[in-house]
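Here is final.cif, consisting of mmCIF, C-alpha atoms and all ligand atoms:
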data_run
loop_
_atom_site.label_atom_id
_atom_site.label_comp_id
_atom_site.auth_asym_id
_atom_site.auth_seq_id
_atom_site.Cartn_x
_atom_site.Cartn_y
_atom_site.Cartn_z
CA MET Y 22 -60.60 35.63 -22.47
CA GLU Y 23 -58.62 33.21 -24.62
CA THR Y 24 -56.70 30.15 -23.47
CA VAL Y 25 -53.11 30.49 -24.63
CA VAL Y 26 -50.45 27.76 -24.85
CA SER Y 27 -46.89 27.93 -26.12
CA GLY Y 28 -43.48 26.44 -25.44
CA ILE Y 29 -39.80 26.68 -26.25
CA ARG Y 30 -37.35 23.76 -26.50
CA PRO Y 31 -34.51 23.78 -23.97
CA THR Y 32 -31.58 23.66 -26.38
CA GLY Y 33 -29.50 26.44 -24.82
CA ASN Y 34 -30.01 30.14 -24.19
CA LEU Y 35 -32.92 31.98 -25.76
CA HIS Y 36 -32.06 34.17 -28.75
CA LEU Y 37 -33.65 37.21 -30.35
CA GLY Y 38 -35.62 34.96 -32.72
CA ASN Y 39 -37.28 33.23 -29.74
CA TYR Y 40 -37.89 36.61 -28.18
CA PHE Y 41 -39.53 38.38 -31.12
CA GLY Y 42 -41.26 35.28 -32.46
CA ALA Y 43 -42.69 34.04 -29.17
CA LEU Y 44 -41.60 35.39 -25.79
CA ARG Y 45 -42.58 39.01 -26.46
CA ASN Y 46 -46.12 37.83 -27.10
CA PHE Y 47 -46.11 35.67 -23.96
CA ILE Y 48 -45.28 38.71 -21.85
CA SER Y 49 -48.15 40.81 -23.17
CA MET Y 50 -50.69 37.98 -23.32
CA GLN Y 51 -50.25 36.98 -19.68
CA ASN Y 52 -52.03 40.17 -18.62
CA GLU Y 53 -55.27 39.41 -20.40
CA HIS Y 54 -55.56 35.70 -20.99
CA ASN Y 55 -55.43 32.31 -19.35
CA CYS Y 56 -51.86 31.41 -20.32
CA TYR Y 57 -49.80 28.21 -20.12
CA PHE Y 58 -46.15 28.59 -21.07
CA PHE Y 59 -43.90 25.59 -20.84
CA ILE Y 60 -40.41 24.28 -21.53
CA ALA Y 61 -40.61 21.59 -24.20
CA ASP Y 62 -38.15 19.08 -22.77
CA TYR Y 63 -39.91 16.02 -24.23
CA HIS Y 64 -39.48 17.62 -27.67
CA SER Y 65 -35.80 18.20 -27.08
CA LEU Y 66 -35.23 14.43 -26.76
CA THR Y 67 -35.58 14.12 -30.54
CA THR Y 68 -32.01 15.42 -30.82
CA HIS Y 69 -30.65 13.17 -28.00
CA PRO Y 70 -29.33 15.67 -25.43
CA THR Y 71 -26.75 14.41 -22.92
CA PRO Y 72 -28.50 13.46 -19.63
CA GLY Y 73 -26.06 15.64 -17.70
CA ASP Y 74 -27.09 18.71 -19.72
CA LEU Y 75 -30.86 18.29 -19.80
CA HIS Y 76 -31.85 19.72 -16.43
CA GLY Y 77 -29.50 22.68 -16.70
CA ASN Y 78 -30.95 23.56 -20.10
CA VAL Y 79 -34.52 23.33 -18.79
CA ARG Y 80 -33.64 25.48 -15.80
CA GLN Y 81 -31.96 28.06 -18.03
CA VAL Y 82 -35.13 28.54 -20.09
CA MET Y 83 -37.17 28.85 -16.88
CA VAL Y 84 -34.74 31.53 -15.62
CA GLU Y 85 -34.89 33.38 -18.93
CA TYR Y 86 -38.70 33.21 -19.04
CA LEU Y 87 -38.75 34.87 -15.62
CA ALA Y 88 -36.02 37.38 -16.50
CA ALA Y 89 -37.91 38.43 -19.62
CA GLY Y 90 -40.94 39.28 -17.49
CA LEU Y 91 -43.17 36.22 -17.32
CA ASP Y 92 -44.97 36.41 -14.00
CA PRO Y 93 -45.88 33.10 -12.32
CA GLU Y 94 -48.74 34.91 -10.56
CA LYS Y 95 -50.30 35.81 -13.91
CA CYS Y 96 -49.58 32.73 -15.99
CA THR Y 97 -48.78 29.05 -15.57
CA LEU Y 98 -45.09 28.34 -16.18
CA TYR Y 99 -44.24 24.66 -16.30
CA VAL Y 100 -41.92 21.97 -17.54
CA GLN Y 101 -43.54 19.71 -20.16
CA SER Y 102 -42.25 16.46 -18.60
CA ASP Y 103 -43.74 17.49 -15.23
CA VAL Y 104 -47.13 16.95 -16.86
CA PRO Y 105 -47.12 13.33 -18.10
CA GLU Y 106 -50.74 13.79 -19.22
CA THR Y 107 -48.99 15.32 -22.24
CA ALA Y 108 -47.62 11.89 -23.14
CA GLU Y 109 -51.03 10.26 -22.83
CA MET Y 110 -52.61 12.86 -25.10
CA TYR Y 111 -49.74 12.33 -27.55
CA LEU Y 112 -50.47 8.59 -27.59
CA PHE Y 113 -54.16 9.18 -28.34
CA LEU Y 114 -53.37 11.62 -31.14
CA ASN Y 115 -50.79 9.30 -32.70
CA MET Y 116 -53.51 6.72 -33.27
CA ASN Y 117 -55.26 9.14 -35.61
CA ALA Y 118 -52.23 10.74 -37.26
CA TYR Y 119 -51.25 9.31 -40.63
CA ILE Y 120 -47.70 8.53 -41.73
CA GLY Y 121 -48.18 10.35 -45.05
CA GLU Y 122 -49.15 13.67 -43.50
CA LEU Y 123 -46.33 13.43 -40.94
CA GLU Y 124 -43.74 12.66 -43.64
CA ARG Y 125 -44.84 15.68 -45.65
CA CYS Y 126 -44.16 18.06 -42.77
CA THR Y 127 -41.42 20.58 -43.68
CA SER Y 128 -39.71 20.46 -40.29
CA PHE Y 129 -39.41 16.65 -40.57
CA LYS Y 130 -37.84 16.95 -44.02
CA ASP Y 131 -35.40 19.56 -42.67
CA LYS Y 132 -34.43 17.32 -39.76
CA ILE Y 133 -33.78 14.37 -42.08
CA ARG Y 134 -31.27 16.60 -43.82
CA GLN Y 135 -29.75 17.93 -40.57
CA GLN Y 136 -29.44 14.60 -38.72
CA PRO Y 137 -29.57 11.74 -41.26
CA GLN Y 138 -27.95 9.44 -38.67
CA ASN Y 139 -30.86 9.92 -36.25
CA VAL Y 140 -34.22 9.94 -38.05
CA ASN Y 141 -36.23 8.67 -35.08
CA ALA Y 142 -39.99 8.17 -34.67
CA GLY Y 143 -40.08 11.13 -32.27
CA LEU Y 144 -39.05 13.40 -35.13
CA LEU Y 145 -41.81 12.01 -37.33
CA THR Y 146 -44.44 12.47 -34.61
CA TYR Y 147 -43.11 15.85 -33.44
CA PRO Y 148 -46.30 17.56 -34.72
CA THR Y 149 -48.59 15.24 -32.73
CA LEU Y 150 -46.65 15.93 -29.52
CA MET Y 151 -46.95 19.63 -30.22
CA ALA Y 152 -50.68 19.26 -30.89
CA ALA Y 153 -50.98 17.36 -27.58
CA ASP Y 154 -49.37 20.30 -25.72
CA ILE Y 155 -51.82 22.70 -27.27
CA ILE Y 156 -55.08 20.81 -27.00
CA LEU Y 157 -54.31 19.50 -23.51
CA HIS Y 158 -55.42 22.91 -22.23
CA LYS Y 159 -57.95 23.44 -25.06
CA ALA Y 160 -55.99 26.46 -26.27
CA THR Y 161 -57.40 28.89 -28.81
CA LYS Y 162 -54.29 31.05 -29.33
CA VAL Y 163 -50.69 29.93 -29.78
CA PRO Y 164 -48.00 32.63 -29.94
CA VAL Y 165 -45.21 31.32 -32.22
CA GLY Y 166 -42.82 32.39 -34.96
CA LYS Y 167 -43.40 31.81 -38.66
CA ASP Y 168 -41.51 28.47 -38.65
CA GLN Y 169 -44.28 26.90 -36.53
CA GLU Y 170 -47.15 27.80 -38.87
CA GLN Y 171 -47.41 24.36 -40.44
CA HIS Y 172 -47.40 22.67 -37.03
CA LEU Y 173 -50.41 24.78 -36.08
CA GLU Y 174 -52.20 23.76 -39.26
CA MET Y 175 -51.57 20.14 -38.32
CA THR Y 176 -52.82 20.75 -34.78
CA ARG Y 177 -56.10 22.03 -36.21
CA GLN Y 178 -56.27 19.01 -38.45
CA PHE Y 179 -55.74 16.61 -35.52
CA SER Y 180 -58.20 18.31 -33.21
CA ASN Y 181 -60.91 18.58 -35.89
CA ARG Y 182 -60.33 14.93 -36.73
CA PHE Y 183 -60.77 13.96 -33.08
CA ASN Y 184 -64.06 15.90 -32.93
CA ARG Y 185 -65.29 14.29 -36.15
CA MET Y 186 -64.24 10.76 -35.20
CA TYR Y 187 -66.02 10.84 -31.90
CA ASN Y 188 -68.81 13.10 -33.05
CA VAL Y 189 -68.17 15.74 -30.38
CA GLU Y 190 -67.47 19.48 -30.30
CA TYR Y 191 -64.76 19.07 -27.73
CA PHE Y 192 -61.54 20.71 -28.94
CA PRO Y 193 -61.55 24.30 -30.20
CA GLU Y 194 -59.49 25.32 -33.27
CA PRO Y 195 -56.21 26.84 -32.09
CA GLN Y 196 -54.73 29.68 -34.13
CA ALA Y 197 -51.09 30.78 -34.38
CA PHE Y 198 -50.73 34.28 -32.98
CA ASN Y 199 -48.41 37.28 -33.18
CA PHE Y 200 -49.99 40.47 -31.82
CA GLY Y 201 -52.90 39.86 -34.16
CA ASN Y 202 -50.59 40.35 -37.17
CA GLU Y 203 -48.42 38.17 -39.38
CA LEU Y 204 -46.09 35.66 -37.80
CA VAL Y 205 -42.46 36.75 -37.82
CA LYS Y 206 -39.17 35.23 -38.87
CA ILE Y 207 -36.08 36.90 -37.40
CA PRO Y 208 -33.07 36.41 -39.68
CA GLY Y 209 -29.65 35.22 -38.61
CA LEU Y 210 -26.34 37.08 -38.82
CA ASN Y 211 -24.43 34.70 -41.08
CA GLY Y 212 -26.59 35.21 -44.14
CA SER Y 213 -28.84 32.33 -43.06
CA GLY Y 214 -32.53 33.00 -43.45
CA LYS Y 215 -33.41 32.29 -39.84
CA MET Y 216 -31.85 33.05 -36.49
CA GLY Y 217 -31.46 29.75 -34.69
CA LYS Y 218 -29.14 27.81 -32.49
CA SER Y 219 -28.53 25.08 -35.03
CA GLU Y 220 -27.99 27.49 -37.94
CA GLY Y 221 -24.25 27.80 -37.47
CA GLU Y 222 -21.71 29.60 -35.32
CA GLY Y 223 -22.26 33.30 -34.80
CA ASN Y 224 -25.73 33.27 -36.30
CA ALA Y 225 -27.74 33.97 -33.16
CA ILE Y 226 -27.67 36.74 -30.56
CA PHE Y 227 -28.69 35.39 -27.15
CA LEU Y 228 -30.47 37.39 -24.47
CA ALA Y 229 -27.72 36.33 -22.04
CA ASP Y 230 -24.81 37.29 -24.34
CA GLU Y 231 -22.15 39.63 -22.93
CA PRO Y 232 -21.65 42.93 -24.81
CA GLU Y 233 -18.31 41.89 -26.27
CA ALA Y 234 -19.76 38.66 -27.67
CA ILE Y 235 -22.60 40.62 -29.30
CA ARG Y 236 -20.21 43.15 -30.81
CA LYS Y 237 -18.01 40.40 -32.27
CA LYS Y 238 -20.94 38.51 -33.81
CA VAL Y 239 -22.54 41.60 -35.29
CA MET Y 240 -19.27 42.90 -36.76
CA LYS Y 241 -18.78 39.51 -38.47
CA ALA Y 242 -22.28 39.56 -40.01
CA VAL Y 243 -22.27 38.85 -43.73
CA THR Y 244 -22.50 41.92 -46.02
CA ASP Y 245 -21.32 42.74 -49.55
CA SER Y 246 -19.47 45.52 -51.36
CA GLY Y 247 -22.52 47.81 -51.27
CA PRO Y 248 -25.11 49.11 -53.73
CA THR Y 249 -23.98 50.55 -57.04
CA GLU Y 250 -27.23 52.20 -58.12
CA PRO Y 251 -29.68 54.36 -56.16
CA ASN Y 252 -32.68 52.55 -54.61
CA GLN Y 253 -31.30 49.16 -55.58
CA ALA Y 254 -33.11 46.07 -54.26
CA LYS Y 255 -31.32 44.61 -51.24
CA PRO Y 256 -29.74 41.15 -51.43
CA GLU Y 257 -30.86 38.75 -48.69
CA ALA Y 258 -27.92 39.17 -46.31
CA ILE Y 259 -28.34 42.97 -46.40
CA GLN Y 260 -32.09 42.73 -45.92
CA ASN Y 261 -31.34 40.63 -42.84
CA ILE Y 262 -29.19 43.34 -41.25
CA PHE Y 263 -31.89 45.94 -41.94
CA GLN Y 264 -34.55 43.68 -40.48
CA LEU Y 265 -32.52 43.14 -37.32
CA MET Y 266 -32.05 46.89 -37.03
CA LYS Y 267 -35.80 47.32 -37.40
CA VAL Y 268 -36.47 45.22 -34.30
CA VAL Y 269 -33.83 46.62 -31.94
CA SER Y 270 -33.03 50.18 -33.12
CA ALA Y 271 -34.94 53.46 -33.03
CA PRO Y 272 -36.99 54.22 -36.19
CA ASP Y 273 -34.85 57.24 -37.12
CA THR Y 274 -31.67 55.14 -36.90
CA LEU Y 275 -33.22 52.70 -39.35
CA SER Y 276 -34.36 55.43 -41.73
CA PHE Y 277 -30.91 57.06 -41.61
CA PHE Y 278 -29.27 53.85 -42.87
CA GLU Y 279 -32.09 53.23 -45.39
CA GLU Y 280 -31.33 56.66 -46.82
CA GLN Y 281 -27.59 55.92 -46.87
CA TYR Y 282 -28.29 52.68 -48.71
CA ASN Y 283 -30.63 54.26 -51.23
CA THR Y 284 -28.07 56.95 -52.05
CA CYS Y 285 -25.20 54.42 -52.23
CA LYS Y 286 -23.35 56.08 -49.35
CA ILE Y 287 -23.75 53.27 -46.90
CA ARG Y 288 -20.78 51.99 -44.90
CA TYR Y 289 -21.72 48.60 -43.52
CA GLY Y 290 -19.02 48.86 -40.84
CA ASP Y 291 -20.79 51.92 -39.39
CA MET Y 292 -24.17 50.29 -39.67
CA LYS Y 293 -22.99 47.17 -37.86
CA LYS Y 294 -21.35 49.24 -35.11
CA GLN Y 295 -24.68 50.96 -34.53
CA LEU Y 296 -26.58 47.67 -34.67
CA ALA Y 297 -24.21 46.18 -32.05
CA VAL Y 298 -24.72 49.19 -29.74
CA ASP Y 299 -28.50 48.89 -30.06
CA MET Y 300 -28.48 45.13 -29.51
CA ILE Y 301 -26.32 45.53 -26.44
CA SER Y 302 -28.69 48.06 -24.92
CA PHE Y 303 -31.72 46.01 -25.91
CA THR Y 304 -30.40 42.89 -24.15
CA GLU Y 305 -28.91 44.70 -21.13
CA PRO Y 306 -31.97 44.47 -18.84
CA PHE Y 307 -32.26 40.73 -19.54
CA ARG Y 308 -28.59 40.04 -18.81
CA ASP Y 309 -28.68 41.42 -15.28
CA LYS Y 310 -31.98 39.77 -14.40
CA ILE Y 311 -30.87 36.41 -15.78
CA LYS Y 312 -27.89 36.45 -13.43
CA ALA Y 313 -29.94 37.49 -10.40
CA ILE Y 314 -32.76 34.99 -10.93
CA SER Y 315 -30.39 32.16 -11.73
CA ALA Y 316 -28.71 32.64 -8.35
CA ASP Y 317 -32.07 32.25 -6.54
CA GLU Y 318 -32.33 28.47 -6.43
CA ALA Y 319 -35.35 28.41 -4.08
CA TYR Y 320 -37.40 30.81 -6.19
CA VAL Y 321 -36.84 28.94 -9.47
CA SER Y 322 -37.77 25.62 -7.83
CA ARG Y 323 -40.91 27.13 -6.29
CA VAL Y 324 -42.04 28.52 -9.64
CA ALA Y 325 -41.60 25.11 -11.30
CA ARG Y 326 -43.50 23.34 -8.51
CA ILE Y 327 -46.45 25.73 -8.61
CA GLY Y 328 -46.49 25.59 -12.41
CA LYS Y 329 -46.61 21.81 -12.39
CA GLU Y 330 -49.61 21.83 -10.06
CA LYS Y 331 -51.56 24.39 -12.06
CA ALA Y 332 -50.80 22.75 -15.41
CA GLN Y 333 -51.74 19.31 -14.12
CA GLU Y 334 -55.06 20.58 -12.86
CA SER Y 335 -56.04 21.66 -16.36
CA ALA Y 336 -54.39 18.69 -18.12
CA SER Y 337 -55.93 16.01 -15.92
CA LYS Y 338 -59.41 17.43 -16.46
CA THR Y 339 -58.94 17.22 -20.25
CA ILE Y 340 -57.50 13.70 -20.07
CA ARG Y 341 -60.40 12.55 -17.90
CA GLU Y 342 -62.90 13.88 -20.42
CA VAL Y 343 -60.98 12.58 -23.44
CA ARG Y 344 -60.80 9.08 -21.95
CA GLU Y 345 -64.54 9.17 -21.49
CA ILE Y 346 -65.11 10.34 -25.08
CA ILE Y 347 -62.85 7.57 -26.43
CA GLY Y 348 -64.81 5.01 -24.42
CA PHE Y 349 -62.47 3.97 -21.62
CA LYS Y 350 -64.47 3.02 -18.53
CA ARG Y 351 -63.45 2.15 -14.99
CA PHE Y 352 -64.30 -1.35 -13.79
P1 LIG Y 401 -38.36 26.41 -30.78
O1 LIG Y 401 -37.86 25.99 -29.45
O2 LIG Y 401 -37.59 26.07 -31.99
O3 LIG Y 401 -38.60 27.95 -30.78
C1 LIG Y 401 -39.38 28.57 -29.77
C2 LIG Y 401 -40.19 29.71 -30.35
O4 LIG Y 401 -39.33 30.67 -30.95
C3 LIG Y 401 -39.73 30.90 -32.28
N1 LIG Y 401 -38.55 31.18 -33.11
C4 LIG Y 401 -38.48 32.18 -33.98
N2 LIG Y 401 -39.37 33.13 -34.32
C5 LIG Y 401 -38.98 34.03 -35.23
N3 LIG Y 401 -37.76 34.03 -35.83
C6 LIG Y 401 -36.83 33.09 -35.53
N4 LIG Y 401 -35.64 33.11 -36.08
C7 LIG Y 401 -37.19 32.11 -34.55
N5 LIG Y 401 -36.53 31.06 -34.02
C8 LIG Y 401 -37.40 30.48 -33.14
C9 LIG Y 401 -40.44 29.65 -32.72
O5 LIG Y 401 -41.31 29.90 -33.79
C10 LIG Y 401 -41.15 29.24 -31.47
O6 LIG Y 401 -42.36 29.93 -31.33
N6 LIG Y 401 -42.00 23.16 -31.60
C11 LIG Y 401 -41.66 24.36 -30.88
C12 LIG Y 401 -41.85 24.26 -29.39
C13 LIG Y 401 -43.18 23.76 -28.98
C14 LIG Y 401 -44.41 24.48 -29.02
C15 LIG Y 401 -45.40 23.58 -28.54
C16 LIG Y 401 -44.76 25.77 -29.41
C17 LIG Y 401 -43.45 22.51 -28.51
N7 LIG Y 401 -44.78 22.41 -28.26
C18 LIG Y 401 -46.73 23.96 -28.45
C19 LIG Y 401 -46.08 26.13 -29.30
C20 LIG Y 401 -47.07 25.25 -28.83
C21 LIG Y 401 -40.21 24.66 -31.16
O7 LIG Y 401 -39.43 23.81 -31.47
O8 LIG Y 401 -39.88 25.93 -30.95
#

Can you dump the structure from the file as structure tokens?
Amino acid sequence: METVVSGIRPTGNLHLGNYFGALRNFISMQNEHNCYFFIADYHSLTTHPTPGDLHGNVRQVMVEYLAAGLDPEKCTLYVQSDVPETAEMYLFLNMNAYIGELERCTSFKDKIRQQPQNVNAGLLTYPTLMAADIILHKATKVPVGKDQEQHLEMTRQFSNRFNRMYNVEYFPEPQAFNFGNELVKIPGLNGSGKMGKSEGEGNAIFLADEPEAIRKKVMKAVTDSGPTEPNQAKPEAIQNIFQLMKVVSAPDTLSFFEEQYNTCKIRYGDMKKQLAVDMISFTEPFRDKIKAISADEAYVSRVARIGKEKAQESASKTIREVREIIGFKRF
């Protein structure tokens, strides 16, 4: 049995990228492994959310975790800030993380571009906070999308460094995970390489989206005037539509449109109509459950309370042992 840790930032509703990159793995892993899934609210502070929005966003991710099929009886579901041991681990790791390696991190460089007015120290040390989440439970597997690969490399670096510095074999080496295969990157609808909330209007399809909203976004997806030669290579925006169809549609639907493309008969309007229908039916079971669970205030609170207790049990044991390794002693 592996120990599994992963989290999602509470920046709004979960989208299909979160689902196929992470959540789908969470759901299957909870049956076999010792799993800790959390809502990364400390991480979300790097973008300065409004205090009035923070709790609602955290709660929404909790509701969507549950609606997607995470079972609090099988796994530990918790809110990152409910486990302040995370912050202590983060402090310890920051002492052994070097500015140069943090500055070289791709996600930091991207953020500098996205929010030049707010390049805070939390952004720089984002990878050490993420490493703290992971090693706090001594995880060996971390289900994430492709965009998190470098953060996992850094986590291994930090945990190996800790072991070397203190001459212990304490932290295992955590590996990024996606059903034992390659990590995935789900593309967006507006020609952008990645589906994401901050990638522009209309780019992401959310699990909670109403059918009409999905139809509108899909019909607006970027395409071109179509192939002019048989078996032509697909430009990026077209590849994106095919890739989205691959994850939500039946295999014969996908091969029908592949064939249409390869013989230059494709009508993107028809393809997008079909993609919208398949996305609507894919998200339908989530939509209804999200509404039902969200209305059950007592249940959501109970899940968060139990999760906090279970996560703290594991986290406090690690922190106790780490303090001892570092050399802190009680008077
Ligand atoms: P976040 O909140 O940006 O995304 C949550 C998860 O969804 C995946 N994901 C995608 N996968 C494929 N295609 C996409 N278009 C796509 N968009 C998002 C992400 O890879 C991620 O797995 N730093 C993390 C949260 C975090 C974490 C952790 C994860 C904090 N601590 C510890 C694992 C372990 C983040 O910002 O993910």

TODO: Compute the set of protein, DNA and RNA residues whose minimum atom distance to ligand LIG 401 (chain Y) is at most 7 Å, using all atoms listed in the file, and state it as a ChimeraX atom specification.
DONE: /Y:26-31,38-43,61,64,150-152,154-155,163-169,205-209,215-217

Open item on the list: When you count only C-alpha atoms, which of these residues is closest to Leu44 of chain Y: Y:Met22, Y:Leu91, Y:Ile156, Y:Ile60?
Closed with: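 Under the stated criterion, the closest residue is Y:Leu91.
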
Task: Non-local contacts of Gly290 of chain Y (10 Å; only C-alpha atoms; under 6 positions in same chain excluded) as a count of residues only - done: 6

- [ ] One decimal, Å: what's the distance from atom CA of Asp62 of chain Y over to atom CA of Val324 of chain Y, could you say?
- [x]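 Separation of atom CA of Asp62 of chain Y and atom CA of Val324 of chain Y: 16.6 Å.
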
Open item on the list: Give me, as a PyMOL selection string, all polymer residues having an atom no more than 10 Å from Ser315 of chain Y, counting all atoms listed in the file and skipping those fewer than 6 positions away in the same chain.
Closed with: chain Y and resi 80-81+83-85+87-88+321

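Between atom CA of Thr284 of chain Y and atom CA of Gly247 of chain Y the interatomic distance comes to 10.7 Å.
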
Open item on the list: Calculated over only C-alpha atoms, which of the candidates Y:Thr149, Y:Asn202, Y:Gln171, Y:Ser219 has the smallest distance to Gln135 of chain Y?
Closed with: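 Answer, going by the shortest atom-to-atom distance: Y:Ser219.
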
Open item on the list: So that I can check the surroundings of Ala325 of chain Y, please list as a PyMOL selection string every protein, DNA and RNA residue that reaches within 9 Å of it, counting only C-alpha atoms and ignoring chain neighbours fewer than 6 positions away.
Closed with: chain Y and resi 83+98-100+103

- [ ] Please measure the separation of atom CA of Arg45 of chain Y and atom CA of Ser65 of chain Y, giving the value in Å to one decimal.
- [x]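 Answer for the atom CA of Arg45 of chain Y to atom CA of Ser65 of chain Y separation: 21.9 Å.
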
Task: Nearest to Tyr86 of chain Y, chosen from Y:Phe113, Y:Pro72, Y:Asn211, Y:Phe307, with all atoms listed in the file counted in the distances - done: Y:Phe307

Open item on the list: My list of candidates is Y:Ile133, Y:Cys285, Y:Ile235, Y:Ala336. Which is closest to Glu250 of chain Y when distances are computed with all atoms listed in the file?
Closed with: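 Of the candidates, the smallest distance to Glu250 of chain Y is held by Y:Cys285.
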
- [ ] Pick out the closest residue to Arg308 of chain Y from this set: Y:Glu231, Y:Glu190, Y:Glu342, Y:Asp273. Count all atoms listed in the file.
- [x]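 Of the candidates, the smallest distance to Arg308 of chain Y is held by Y:Glu231.
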
TODO: For the point (-51.7, 25.0, -18.6) in the file's frame, write as a ChimeraX atom specification all residues with an atom no more than 10 Å away, counting all atoms listed in the file.
DONE: /Y:24-27,55-59,96-99,101,104,154-160,328-336

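Each of Y:Pro195, Y:Gly223, Y:Gly212, Y:Pro232 was checked against Ala258 of chain Y using only C-alpha atoms; the smallest atom-to-atom distance is that of Y:Gly212.
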
TODO: Find the residues around Ile120 of chain Y up to 12 Å (all atoms listed in the file counted), leave out those fewer than 6 positions away in its own chain, and share them as a list of chain:residue names.
DONE: Y:Cys126, Y:Phe129, Y:Ala142, Y:Leu144, Y:Leu145, Y:Thr146, Y:Tyr147, Y:Pro148, Y:Thr149

Supply segment 199-213 of chain Y as a short mmCIF file (atom, residue, chain, number, x, y, z; two decimals), in the frame of the given file, with N, CA and C atoms built in where the input has gaps.
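This is the output file result-v9.cif:
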data_model
loop_
_atom_site.label_atom_id
_atom_site.label_comp_id
_atom_site.auth_asym_id
_atom_site.auth_seq_id
_atom_site.Cartn_x
_atom_site.Cartn_y
_atom_site.Cartn_z
N ASN Y 199 -49.49 36.31 -33.41
CA ASN Y 199 -48.41 37.28 -33.18
C ASN Y 199 -49.02 38.67 -33.14
N PHE Y 200 -49.37 39.15 -31.98
CA PHE Y 200 -49.99 40.47 -31.82
C PHE Y 200 -51.11 40.72 -32.82
N GLY Y 201 -51.80 39.68 -33.20
CA GLY Y 201 -52.90 39.86 -34.16
C GLY Y 201 -52.43 40.10 -35.59
N ASN Y 202 -51.11 40.11 -35.81
CA ASN Y 202 -50.59 40.35 -37.17
C ASN Y 202 -49.90 39.10 -37.71
N GLU Y 203 -49.12 39.31 -38.77
CA GLU Y 203 -48.42 38.17 -39.38
C GLU Y 203 -47.37 37.59 -38.43
N LEU Y 204 -47.14 36.30 -38.59
CA LEU Y 204 -46.09 35.66 -37.80
C LEU Y 204 -44.73 36.16 -38.30
N VAL Y 205 -43.74 36.20 -37.40
CA VAL Y 205 -42.46 36.75 -37.82
C VAL Y 205 -41.36 35.70 -37.94
N LYS Y 206 -40.37 36.06 -38.78
CA LYS Y 206 -39.17 35.23 -38.87
C LYS Y 206 -37.98 36.18 -38.72
N ILE Y 207 -37.25 36.04 -37.63
CA ILE Y 207 -36.08 36.90 -37.40
C ILE Y 207 -34.88 36.24 -38.09
N PRO Y 208 -34.19 37.01 -38.95
CA PRO Y 208 -33.07 36.41 -39.68
C PRO Y 208 -31.83 36.24 -38.82
N GLY Y 209 -30.92 35.42 -39.31
CA GLY Y 209 -29.65 35.22 -38.61
C GLY Y 209 -28.59 36.20 -39.10
N LEU Y 210 -27.40 36.13 -38.48
CA LEU Y 210 -26.34 37.08 -38.82
C LEU Y 210 -25.39 36.56 -39.88
N ASN Y 211 -25.43 35.25 -40.16
CA ASN Y 211 -24.43 34.70 -41.08
C ASN Y 211 -25.03 34.46 -42.47
N GLY Y 212 -25.99 35.33 -42.81
CA GLY Y 212 -26.59 35.21 -44.14
C GLY Y 212 -27.67 34.14 -44.18
N SER Y 213 -27.81 33.38 -43.08
CA SER Y 213 -28.84 32.33 -43.06
C SER Y 213 -30.19 32.99 -42.84
#
